[in-house]
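Enquirer: Next comes the structure file query26.txt, holding compact mmCIF, C-alpha atoms and all ligand atoms.
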```
# COMPACT_ATOMS: atom_id res chain seq x y z
CA MET J 345 -4.90 -18.12 24.72
CA LEU J 346 -2.01 -15.76 24.00
CA ILE J 347 -3.71 -14.43 20.87
CA ASP J 348 -6.75 -13.26 22.85
CA ARG J 349 -4.54 -10.88 24.86
CA ILE J 350 -3.52 -8.96 21.73
CA GLU J 351 -5.50 -5.78 21.03
CA GLN J 352 -8.20 -6.62 18.51
CA ALA J 353 -11.59 -5.60 17.17
CA GLU J 354 -14.33 -8.10 16.45
CA ASN J 355 -16.96 -7.61 13.76
CA ALA J 356 -15.19 -4.46 12.68
CA SER J 357 -16.34 -2.49 9.65
CA LEU J 358 -13.74 -2.90 6.90
CA LYS J 359 -14.95 0.33 5.30
CA GLU J 360 -12.92 2.13 7.95
CA PHE J 361 -9.77 0.31 6.84
CA SER J 362 -9.99 0.99 3.11
CA SER J 363 -9.60 4.38 1.45
CA ILE J 364 -12.39 3.64 -1.06
CA ARG J 365 -14.74 3.05 1.87
CA ILE J 366 -16.27 -0.21 0.66
CA GLY J 367 -16.29 -3.36 2.75
CA GLY J 368 -18.22 -5.69 5.00
CA ARG J 369 -17.30 -6.87 8.47
CA ALA J 370 -14.04 -8.44 9.59
CA LYS J 371 -14.42 -11.20 12.11
CA ARG J 372 -11.16 -10.12 13.73
CA ILE J 373 -8.68 -7.32 13.17
CA PHE J 374 -5.53 -7.47 15.29
CA PHE J 375 -3.40 -4.51 16.30
CA PRO J 376 -0.03 -5.98 17.34
CA LYS J 377 2.26 -3.70 19.33
CA ASN J 378 5.51 -5.58 18.86
CA GLU J 379 7.26 -8.38 17.02
CA GLU J 380 6.17 -11.05 19.48
CA GLU J 381 2.48 -10.19 19.06
CA ALA J 382 2.78 -10.19 15.26
CA ARG J 383 4.50 -13.59 15.48
CA ILE J 384 1.71 -15.04 17.63
CA ILE J 385 -0.94 -13.92 15.12
CA LEU J 386 0.93 -15.47 12.17
CA ARG J 387 1.56 -18.76 14.03
CA GLU J 388 -1.99 -19.04 15.25
CA SER J 389 -3.43 -18.36 11.79
CA LEU J 390 -1.20 -21.06 10.29
CA GLU J 391 -2.30 -23.56 12.93
CA ARG J 392 -5.97 -22.75 12.44
CA GLY J 393 -5.71 -22.61 8.63
CA VAL J 394 -7.01 -19.01 8.53
CA MET J 395 -5.62 -16.59 5.95
CA THR J 396 -3.85 -13.46 7.17
CA PHE J 397 -4.08 -10.06 5.54
CA PRO J 398 -1.93 -7.14 6.71
CA ILE J 399 -3.48 -3.67 6.44
CA GLY J 400 -1.63 -0.35 6.33
CA LEU J 401 -3.64 2.70 5.31
CA GLY J 402 -5.81 0.53 3.05
CA SER J 403 -5.15 2.81 0.11
CA ASN J 404 -4.67 0.05 -2.44
CA VAL J 405 -7.10 -2.56 -1.13
CA ILE J 406 -10.75 -3.28 -1.83
CA PHE J 407 -12.70 -5.46 0.55
CA SER J 408 -15.78 -7.45 -0.39
CA ASP J 409 -18.87 -6.27 1.42
CA SER J 410 -19.62 -9.74 2.78
CA ASP J 411 -18.21 -10.88 6.13
CA LEU J 412 -14.55 -11.88 6.00
CA LYS J 413 -12.92 -14.44 8.27
CA HIS J 414 -9.26 -13.62 7.62
CA PHE J 415 -6.97 -12.62 10.46
CA PHE J 416 -6.49 -8.97 9.49
CA ILE J 417 -3.33 -7.43 10.94
CA SER J 418 -3.38 -3.65 11.19
CA THR J 419 -0.06 -1.85 11.60
CA ASN J 420 -1.69 1.02 13.44
CA ASN J 421 0.24 0.30 16.65
CA LEU J 422 3.60 -0.05 14.90
CA LYS J 423 4.66 3.55 14.41
CA LYS J 424 8.03 3.84 16.13
CA TYR J 425 11.08 5.01 14.24
CA VAL J 426 14.65 6.14 14.82
CA ILE J 427 16.94 8.22 12.63
CA ARG J 428 20.69 7.51 12.41
CA GLN J 429 23.15 9.83 10.74
CA VAL J 430 26.44 8.74 9.18
CA ASN J 431 28.14 11.80 7.63
CA ASP J 432 25.77 13.01 4.88
CA GLU J 433 23.62 9.90 4.96
CA TYR J 434 20.55 9.37 7.07
CA TYR J 435 18.98 6.03 7.88
CA ILE J 436 15.33 6.00 8.91
CA ASP J 437 14.67 2.77 10.76
CA MET J 438 10.94 2.27 11.19
CA LEU J 439 8.22 -0.17 12.09
CA ALA J 440 5.71 -1.09 9.39
CA GLY J 441 2.99 1.38 10.36
CA VAL J 442 5.05 4.56 9.91
CA SER J 443 3.28 6.65 7.27
CA PHE J 444 4.72 8.44 4.28
CA LYS J 445 3.38 11.64 5.88
CA THR J 446 5.73 11.06 8.82
CA ILE J 447 8.64 10.36 6.46
CA VAL J 448 7.85 13.54 4.50
CA SER J 449 7.90 15.58 7.69
CA ILE J 450 11.34 14.13 8.60
CA VAL J 451 12.64 14.74 5.09
CA LYS J 452 11.44 18.35 5.15
CA ARG J 453 12.86 19.00 8.61
CA LEU J 454 16.31 17.59 7.77
CA ASN J 455 16.27 18.59 4.08
CA LEU J 456 16.96 15.07 2.83
CA GLU J 457 16.79 13.96 -0.77
CA GLY J 458 15.70 10.68 -2.34
CA PHE J 459 12.13 10.52 -1.07
CA GLU J 460 10.65 13.64 -2.67
CA ASN J 461 9.07 11.88 -5.69
CA LEU J 462 7.14 9.62 -3.33
CA SER J 463 5.61 12.42 -1.29
CA GLY J 464 1.83 12.46 -1.41
CA ILE J 465 1.43 8.69 -1.83
CA PRO J 466 -0.98 7.64 0.93
CA ALA J 467 0.95 4.73 2.41
CA THR J 468 2.56 3.10 5.38
CA ILE J 469 6.10 1.93 4.85
CA GLY J 470 4.94 -1.72 5.23
CA GLY J 471 2.26 -1.35 2.55
CA ALA J 472 4.62 0.58 0.27
CA VAL J 473 7.33 -2.07 0.49
CA CYS J 474 4.77 -4.79 -0.22
CA MET J 475 3.49 -2.90 -3.28
CA ASN J 476 6.88 -1.48 -4.29
CA ALA J 477 5.07 1.84 -4.48
CA GLY J 478 6.55 4.42 -6.79
CA ALA J 479 6.09 7.70 -8.60
CA TYR J 480 7.97 9.96 -11.00
CA GLY J 481 10.76 7.43 -11.59
CA THR J 482 11.42 6.52 -7.93
CA GLU J 483 10.34 3.25 -6.30
CA ILE J 484 10.44 2.78 -2.55
CA MET J 485 12.72 -0.21 -3.06
CA ASP J 486 15.39 2.13 -4.51
CA LEU J 487 15.72 3.57 -1.00
CA VAL J 488 15.25 0.43 1.07
CA GLN J 489 18.38 -0.85 2.78
CA LYS J 490 16.88 -3.64 4.79
CA VAL J 491 13.53 -5.33 5.43
CA TYR J 492 12.73 -7.39 8.52
CA TRP J 493 10.01 -9.79 7.47
CA LEU J 494 8.10 -12.36 9.50
CA ASP J 495 7.39 -15.46 7.45
CA GLU J 496 4.14 -17.41 7.63
CA LYS J 497 5.45 -19.31 10.67
CA GLY J 498 6.29 -16.05 12.43
CA ASP J 499 10.08 -16.46 12.03
CA MET J 500 12.06 -13.30 11.34
CA VAL J 501 14.02 -13.13 8.08
CA GLU J 502 16.24 -10.18 7.21
CA PHE J 503 16.60 -9.05 3.60
CA TYR J 504 19.19 -6.60 2.35
CA HIS J 505 18.41 -4.38 -0.64
CA GLN J 506 20.17 -6.61 -3.18
CA ASP J 507 18.35 -9.76 -2.03
CA ILE J 508 14.81 -8.44 -2.42
CA ILE J 509 12.84 -9.73 -5.40
CA ARG J 510 10.88 -6.84 -6.84
CA SER J 511 9.64 -5.34 -10.05
CA TYR J 512 7.15 -2.67 -11.08
CA ARG J 513 4.50 -2.55 -8.27
CA TYR J 514 5.60 -6.00 -7.12
CA SER J 515 7.71 -7.34 -4.29
CA GLN J 516 8.15 -10.82 -2.91
CA PHE J 517 6.34 -9.64 0.23
CA GLN J 518 3.05 -9.87 -1.68
CA GLU J 519 3.34 -13.65 -1.39
CA GLY J 520 2.59 -13.72 2.34
CA GLY J 521 4.01 -13.07 5.79
CA PHE J 522 4.35 -9.66 7.40
CA VAL J 523 6.78 -6.81 6.84
CA TYR J 524 7.68 -5.77 10.38
CA ARG J 525 10.49 -3.25 10.07
CA VAL J 526 12.14 -1.31 7.24
CA ILE J 527 15.29 0.80 6.98
CA ILE J 528 15.62 3.37 4.20
CA LYS J 529 18.62 5.48 3.31
CA LEU J 530 18.44 9.17 2.31
CA LYS J 531 21.03 11.90 2.09
CA LYS J 532 21.40 15.54 2.90
CA SER J 533 20.39 17.70 -0.05
CA LYS J 534 21.67 20.94 -1.48
CA LYS J 535 18.27 21.56 -3.11
CA GLU J 536 15.37 23.07 -1.21
CA ILE J 537 13.45 19.82 -0.69
CA LYS J 538 10.36 21.51 0.78
CA LYS J 539 9.82 23.29 -2.52
CA VAL J 540 10.16 20.12 -4.61
CA ILE J 541 7.67 18.34 -2.36
CA LYS J 542 5.19 21.19 -2.60
CA GLU J 543 5.29 20.95 -6.40
CA HIS J 544 4.66 17.20 -6.29
CA LEU J 545 1.67 17.65 -4.01
CA LEU J 546 0.19 20.33 -6.27
CA GLU J 547 0.66 18.05 -9.28
CA ARG J 548 -1.16 15.21 -7.49
CA ASN J 549 -4.00 17.54 -6.62
CA ARG J 550 -4.32 18.57 -10.24
CA LYS J 551 -4.32 15.02 -11.64
CA GLN J 552 -6.01 12.85 -9.02
CA PRO J 553 -9.58 12.75 -7.68
CA LEU J 554 -8.55 13.48 -4.10
CA ASP J 555 -11.99 14.85 -3.19
CA LEU J 556 -13.63 11.38 -3.31
CA PRO J 557 -12.86 8.06 -1.59
CA THR J 558 -10.57 6.21 -4.00
CA SER J 559 -8.29 3.19 -4.08
CA GLY J 560 -5.64 4.79 -6.29
CA SER J 561 -4.44 3.10 -9.47
CA THR J 562 -6.69 0.21 -10.36
CA TYR J 563 -4.47 -1.38 -12.99
CA LYS J 564 -0.73 -1.61 -13.49
CA ASN J 565 0.43 0.24 -16.57
CA PRO J 566 1.02 -2.36 -19.30
CA LEU J 567 4.12 -0.45 -20.42
CA PRO J 568 4.71 1.21 -22.83
CA HIS J 569 0.96 1.79 -22.57
CA TYR J 570 -0.83 3.58 -19.74
CA ALA J 571 -3.84 1.92 -18.16
CA GLY J 572 -5.64 5.27 -17.77
CA LYS J 573 -5.23 6.08 -21.44
CA LEU J 574 -6.44 2.62 -22.54
CA LEU J 575 -9.51 2.95 -20.31
CA GLU J 576 -10.20 6.40 -21.69
CA GLU J 577 -9.93 5.14 -25.28
CA VAL J 578 -12.62 2.52 -24.70
CA GLY J 579 -14.91 5.05 -23.08
CA PHE J 580 -14.46 4.15 -19.41
CA LYS J 581 -13.27 7.52 -18.13
CA GLY J 582 -16.11 8.68 -15.89
CA ARG J 583 -18.10 5.44 -16.46
CA ARG J 584 -19.97 4.25 -13.37
CA ILE J 585 -22.19 1.47 -12.14
CA GLY J 586 -24.27 2.49 -9.16
CA ASP J 587 -22.08 4.56 -6.89
CA VAL J 588 -18.76 3.17 -8.14
CA GLY J 589 -16.97 4.62 -11.15
CA PHE J 590 -13.72 5.30 -12.94
CA SER J 591 -12.93 8.90 -12.13
CA SER J 592 -13.60 11.52 -14.76
CA LYS J 593 -10.39 13.21 -13.62
CA HIS J 594 -8.11 10.14 -13.88
CA ALA J 595 -9.55 7.10 -15.65
CA ASN J 596 -7.37 4.57 -13.77
CA PHE J 597 -8.69 5.69 -10.37
CA LEU J 598 -11.82 4.01 -9.02
CA VAL J 599 -13.96 6.29 -6.89
CA ASN J 600 -16.87 5.82 -4.55
CA TYR J 601 -19.62 8.43 -5.05
CA GLY J 602 -21.38 7.54 -1.81
CA ASP J 603 -22.73 4.09 -1.22
CA GLY J 604 -20.50 2.07 -3.57
CA LYS J 605 -21.21 -1.65 -3.67
CA PHE J 606 -18.58 -4.33 -4.15
CA ALA J 607 -20.67 -6.25 -6.73
CA ASP J 608 -20.97 -3.10 -8.88
CA LEU J 609 -17.26 -2.49 -8.59
CA ILE J 610 -16.39 -6.00 -9.77
CA ARG J 611 -18.86 -5.74 -12.67
CA LEU J 612 -17.30 -2.45 -13.71
CA LEU J 613 -13.79 -3.94 -13.60
CA GLU J 614 -14.85 -6.94 -15.67
CA LYS J 615 -16.52 -4.76 -18.28
CA ALA J 616 -13.48 -2.47 -18.49
CA GLU J 617 -11.06 -5.38 -18.81
CA GLU J 618 -13.19 -6.94 -21.54
CA ALA J 619 -13.48 -3.66 -23.45
CA VAL J 620 -9.72 -3.00 -23.34
CA PHE J 621 -8.95 -6.57 -24.40
CA LYS J 622 -11.42 -6.47 -27.28
CA SER J 623 -9.97 -3.27 -28.59
CA THR J 624 -6.23 -3.84 -28.00
CA GLU J 625 -5.70 -7.51 -26.98
CA ILE J 626 -4.01 -6.18 -23.83
CA GLU J 627 -4.95 -7.94 -20.60
CA LEU J 628 -5.04 -5.36 -17.85
CA GLU J 629 -3.47 -6.56 -14.61
CA ARG J 630 -5.10 -5.36 -11.40
CA GLU J 631 -2.84 -3.37 -9.11
CA VAL J 632 -5.39 -3.02 -6.31
CA LYS J 633 -5.59 -5.94 -3.95
CA ILE J 634 -9.10 -7.35 -3.83
CA VAL J 635 -10.00 -9.34 -0.74
CA GLU J 636 -13.07 -11.57 -0.75
C1 LIG J 701 -5.04 8.97 -3.89
C2 LIG J 701 -4.08 7.82 -4.07
C3 LIG J 701 -2.88 8.02 -4.74
C4 LIG J 701 -1.98 6.96 -4.91
N1 LIG J 701 -0.81 7.19 -5.58
C5 LIG J 701 0.08 6.19 -5.74
C6 LIG J 701 1.32 6.40 -6.42
O1 LIG J 701 1.64 7.47 -6.89
N2 LIG J 701 2.16 5.34 -6.53
C7 LIG J 701 1.88 4.12 -6.01
O2 LIG J 701 2.71 3.19 -6.13
N3 LIG J 701 0.71 3.89 -5.37
C8 LIG J 701 -0.18 4.89 -5.20
N4 LIG J 701 -1.36 4.66 -4.55
C9 LIG J 701 -1.64 3.31 -4.01
C10 LIG J 701 -1.21 3.12 -2.55
O3 LIG J 701 -1.08 4.36 -1.91
C11 LIG J 701 0.11 2.35 -2.47
O4 LIG J 701 0.00 1.06 -3.03
C12 LIG J 701 0.60 2.21 -1.01
O5 LIG J 701 1.86 1.62 -1.02
C13 LIG J 701 -0.34 1.38 -0.16
O6 LIG J 701 0.08 1.50 1.18
P1 LIG J 701 -0.89 1.13 2.38
O7 LIG J 701 -0.13 1.27 3.64
O8 LIG J 701 -2.15 1.88 2.25
O9 LIG J 701 -1.13 -0.41 2.08
P2 LIG J 701 -2.54 -1.15 1.99
O10 LIG J 701 -3.34 -0.55 0.89
O11 LIG J 701 -3.13 -1.23 3.34
O12 LIG J 701 -2.06 -2.60 1.55
C14 LIG J 701 -1.57 -2.81 0.24
C15 LIG J 701 -0.99 -4.22 0.19
O13 LIG J 701 0.14 -4.28 1.06
C16 LIG J 701 -0.06 -5.29 2.05
N5 LIG J 701 0.55 -4.83 3.30
C17 LIG J 701 0.25 -3.70 4.01
N6 LIG J 701 1.06 -3.63 5.09
C18 LIG J 701 1.86 -4.73 5.07
C19 LIG J 701 2.87 -5.25 5.93
N7 LIG J 701 3.25 -4.61 7.04
N8 LIG J 701 3.44 -6.43 5.60
C20 LIG J 701 3.10 -7.10 4.49
N9 LIG J 701 2.14 -6.67 3.64
C21 LIG J 701 1.55 -5.49 3.93
C22 LIG J 701 -1.55 -5.49 2.15
O14 LIG J 701 -1.87 -6.78 2.64
C23 LIG J 701 -1.96 -5.30 0.69
O15 LIG J 701 -1.75 -6.47 -0.04
C24 LIG J 701 -2.27 5.68 -4.38
C25 LIG J 701 -3.48 5.48 -3.69
C26 LIG J 701 -4.39 6.53 -3.54
C27 LIG J 701 -5.66 6.29 -2.78
```
Could you take the file, read its structure, and then write that structure out as structure tokens?
Expert:
Amino acid sequence: MLIDRIEQAENASLKEFSSIRIGGRAKRIFFPKNEEEARIILRESLERGVMTFPIGLGSNVIFSDSDLKHFFISTNNLKKYVIRQVNDEYYIDMLAGVSFKTIVSIVKRLNLEGFENLSGIPATIGGAVCMNAGAYGTEIMDLVQKVYWLDEKGDMVEFYHQDIIRSYRYSQFQEGGFVYRVIIKLKKSKKEIKKVIKEHLLERNRKQPLDLPTSGSTYKNPLPHYAGKLLEEVGFKGRRIGDVGFSSKHANFLVNYGDGKFADLIRLLEKAEEAVFKSTEIELEREVKIVE
């Protein structure tokens, strides 16, 4: 079978693929190296009726700690990129597994502007496009020129910026398929970009619990409200069940104090959602992707 020739891990620990370090075993995780391999995985999963789940850095996903039979598709082998310059504009053309760290190093080296607000988000470009990741008024989709997406049948579809359906922490790519390649546009800056990035990183360090395994923002902000503030008001800042808790530094961040269990995490989320609803009639919407 073609699919068996693709690099893969069987019975792999999903803890290693999620930044909150909770998770059971994955029957199969694939590591495609090119478009053809990604296509084979998607086609085969459709034929067998198995769900697929792409994984970038796993910084916004929480896996159940039971065994999962999905076809997980890691982008760890998809890290190639090229940079094209047209006058003052720079196009970074990358495969899905290129990390924001890599982009930040390019941006710093060439002194490019546009990306600085996103520095410090732990992400791959594929995961960020799927989540429409954003910070300080910039969303990744503001910079995206083109997305090459494999649909559920493994067929490539190209989307230009204006054709992409997206909103706050949402893009159409959450509905399925696989983001294979992304082009973003940045431009030469007159500001000292390194300095701006340094300030953003310091700010993140001050506000976020970066010393513990975390899955980032748990809930979307129900604007004009902030999820963290709502959680704090109902007493959930620092609240924990077992080894899982809402951080005492940032109430919307879930953290794992050691041996966090999935069942405790779900109980904590349900209690928090109930408490916020009772007090405000606001239904919190989960931003983290829970896979069970
Ligand atoms: C400390 C910390 C700080 C954070 N700060 C921010 C922040 O400021 N702003 C923000 O928006 N988010 C933030 N996050 C959340 C997270 O970093 C983002 O959502 C990021 O975009 C996730 O990227 P990833 O590569 O880790 O994706 P993953 O977490 O691996 O996956 C997220 C989703 O994208 C899907 N996906 C991944 N790759 C692909 C692909 N190639 N094709 C299709 N779907 C794919 C997955 O299936 C999943 O549904 C933070 C998280 C942490 C832990």
Enquirer: Could you give me, as an MDAnalysis selection string, every polymer residue with an atom at most 8 Å away from an atom of ligand LIG 701 (chain J), counting only C-alpha atoms and all ligand atoms?
Expert: chainID J and resid 361:364 397:405 418:419 440:441 443 462 464:480 483 493 513 517:518 520:525 548 552:554 557:561 632:633
Enquirer: Tell me which of J:Ile373, J:Leu546, J:Leu346, J:Met395 sits closest to Phe416 (chain J), counting all atoms listed in the file.
Expert: J:Ile373
Enquirer: Expressed in Å to a single decimal, how great is the separation between CA of Gly458 (chain J) and CA of Pro568 (chain J)?
Expert: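 CA of Pro568 (chain J) lies at a distance of 25.1 Å from CA of Gly458 (chain J).
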Enquirer: Measuring atom to atom with all atoms listed in the file, identify which of J:Lys529, J:Leu386, J:Glu543, J:Val635 is nearest to Lys413 (chain J).
Expert: J:Val635
Enquirer: Have a look at CA of Pro376 (chain J) and CA of Glu388 (chain J) and let me know their distance in Å, one decimal.
Expert: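 Computing the Euclidean distance for CA of Pro376 (chain J) and CA of Glu388 (chain J) yields 13.4 Å.
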Enquirer: Kindly indicate which residue among J:Arg392, J:Arg365, J:Lys551, J:Lys452 lies nearest to Ser591 (chain J), using only C-alpha atoms for the distances.
Expert: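 Between J:Arg392, J:Arg365, J:Lys551, J:Lys452, the residue approaching Ser591 (chain J) most closely is J:Lys551.
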Enquirer: Between J:Gly393, J:Gly481, J:Gly367, J:Gly572, which has the minimum distance to Glu617 (chain J) (counting all atoms listed in the file)?
Expert: J:Gly572
Enquirer: Out of J:Ser463, J:Glu496, J:Ala370, J:Ile484, which residue has the shortest atom-to-atom distance to Ser389 (chain J) when counting all atoms listed in the file?
Expert: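 Checking each of J:Ser463, J:Glu496, J:Ala370, J:Ile484 against Ser389 (chain J), counting all atoms listed in the file, the winner is J:Glu496.
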Enquirer: Write out as a ChimeraX atom specification the residues lying within 7 Å of region 502-509 of chain J, counting only C-alpha atoms and excluding same-chain residues fewer than 4 positions away.
Expert: /J:488-493,515-516
Enquirer: How many Å separate CA of His544 (chain J) from CA of Asn455 (chain J)?
Expert: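 One can read the CA of His544 (chain J) to CA of Asn455 (chain J) distance as 15.6 Å.
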Enquirer: Under the rule that only C-alpha atoms are counted, which of J:Leu454, J:Val430, J:Ile634, J:Val394 is the nearest residue to Ser533 (chain J)?
Expert: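 Of J:Leu454, J:Val430, J:Ile634, J:Val394, the one nearest Ser533 (chain J) is J:Leu454, counting only C-alpha atoms.
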Enquirer: If you count only C-alpha atoms, which residues fall within 7 Å of Leu556 (chain J), apart from same-chain ones fewer than 3 positions away, as a ChimeraX atom specification?
Expert: /J:553,599-601
Enquirer: Please return the centre and edge lengths, in Å to one decimal, of a box with edges along x, y and z that contains all listed atoms of region 360-378 of chain J, widened by 5 Å on every side, as AutoDock Vina command-line options.
Expert:
```
--center_x -6.4 --center_y -3.4 --center_z 9.1 --size_x 33.7 --size_y 25.6 --size_z 30.4
```
Enquirer: Do a neighbour search on Val620 (chain J) at 10 Å with only C-alpha atoms, toss out local chain neighbours closer than 5 positions, and write the hits as a VMD selection string.
Expert: chain J and resid 571 574 to 580 615 625 to 628
Enquirer: Output region 424-451 of chain J as a short mmCIF file (atom, residue, chain, number, x, y, z; two decimals), in the frame of the given file, making sure N, CA and C atoms are there.
Expert:
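In the end it all went to selection.cif:
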```cif
data_model
loop_
_atom_site.label_atom_id
_atom_site.label_comp_id
_atom_site.auth_asym_id
_atom_site.auth_seq_id
_atom_site.Cartn_x
_atom_site.Cartn_y
_atom_site.Cartn_z
N LYS J 424 6.77 3.29 15.59
CA LYS J 424 8.03 3.84 16.13
C LYS J 424 9.09 3.93 15.04
N TYR J 425 9.95 4.92 15.17
CA TYR J 425 11.08 5.01 14.24
C TYR J 425 12.27 5.67 14.91
N VAL J 426 13.46 5.40 14.38
CA VAL J 426 14.65 6.14 14.82
C VAL J 426 15.41 6.60 13.58
N ILE J 427 16.15 7.70 13.75
CA ILE J 427 16.94 8.22 12.63
C ILE J 427 18.42 8.13 13.03
N ARG J 428 19.24 7.56 12.14
CA ARG J 428 20.69 7.51 12.41
C ARG J 428 21.41 8.27 11.31
N GLN J 429 22.40 9.04 11.73
CA GLN J 429 23.15 9.83 10.74
C GLN J 429 24.57 9.30 10.63
N VAL J 430 25.03 9.09 9.41
CA VAL J 430 26.44 8.74 9.18
C VAL J 430 26.93 9.71 8.11
N ASN J 431 27.70 10.70 8.52
CA ASN J 431 28.14 11.80 7.63
C ASN J 431 26.94 12.44 6.97
N ASP J 432 26.88 12.36 5.60
CA ASP J 432 25.77 13.01 4.88
C ASP J 432 24.57 12.10 4.71
N GLU J 433 24.70 10.87 5.18
CA GLU J 433 23.62 9.90 4.96
C GLU J 433 22.77 9.72 6.21
N TYR J 434 21.49 9.54 5.96
CA TYR J 434 20.55 9.37 7.07
C TYR J 434 19.79 8.06 6.87
N TYR J 435 19.70 7.30 7.93
CA TYR J 435 18.98 6.03 7.88
C TYR J 435 17.72 6.18 8.73
N ILE J 436 16.57 5.99 8.12
CA ILE J 436 15.33 6.00 8.91
C ILE J 436 14.93 4.55 9.11
N ASP J 437 14.90 4.17 10.38
CA ASP J 437 14.67 2.77 10.76
C ASP J 437 13.28 2.73 11.40
N MET J 438 12.32 2.12 10.72
CA MET J 438 10.94 2.27 11.19
C MET J 438 10.16 0.97 11.23
N LEU J 439 9.15 0.96 12.08
CA LEU J 439 8.22 -0.17 12.09
C LEU J 439 7.21 0.04 10.97
N ALA J 440 6.52 -1.06 10.62
CA ALA J 440 5.71 -1.09 9.39
C ALA J 440 4.64 -0.01 9.28
N GLY J 441 4.13 0.47 10.41
CA GLY J 441 2.99 1.38 10.36
C GLY J 441 3.36 2.85 10.21
N VAL J 442 4.66 3.15 10.09
CA VAL J 442 5.05 4.56 9.91
C VAL J 442 4.54 5.03 8.55
N SER J 443 3.91 6.19 8.53
CA SER J 443 3.28 6.65 7.27
C SER J 443 4.24 7.47 6.43
N PHE J 444 3.92 7.59 5.16
CA PHE J 444 4.72 8.44 4.28
C PHE J 444 4.63 9.90 4.75
N LYS J 445 3.50 10.27 5.36
CA LYS J 445 3.38 11.64 5.88
C LYS J 445 4.47 11.90 6.91
N THR J 446 4.69 10.92 7.79
CA THR J 446 5.73 11.06 8.82
C THR J 446 7.10 11.17 8.14
N ILE J 447 7.33 10.31 7.14
CA ILE J 447 8.64 10.36 6.46
C ILE J 447 8.82 11.74 5.79
N VAL J 448 7.75 12.23 5.16
CA VAL J 448 7.85 13.54 4.50
C VAL J 448 8.18 14.63 5.51
N SER J 449 7.60 14.53 6.71
CA SER J 449 7.90 15.58 7.69
C SER J 449 9.36 15.49 8.15
N ILE J 450 9.91 14.29 8.23
CA ILE J 450 11.34 14.13 8.60
C ILE J 450 12.22 14.71 7.49
N VAL J 451 11.86 14.34 6.26
CA VAL J 451 12.64 14.74 5.09
C VAL J 451 12.67 16.27 4.96
#
```
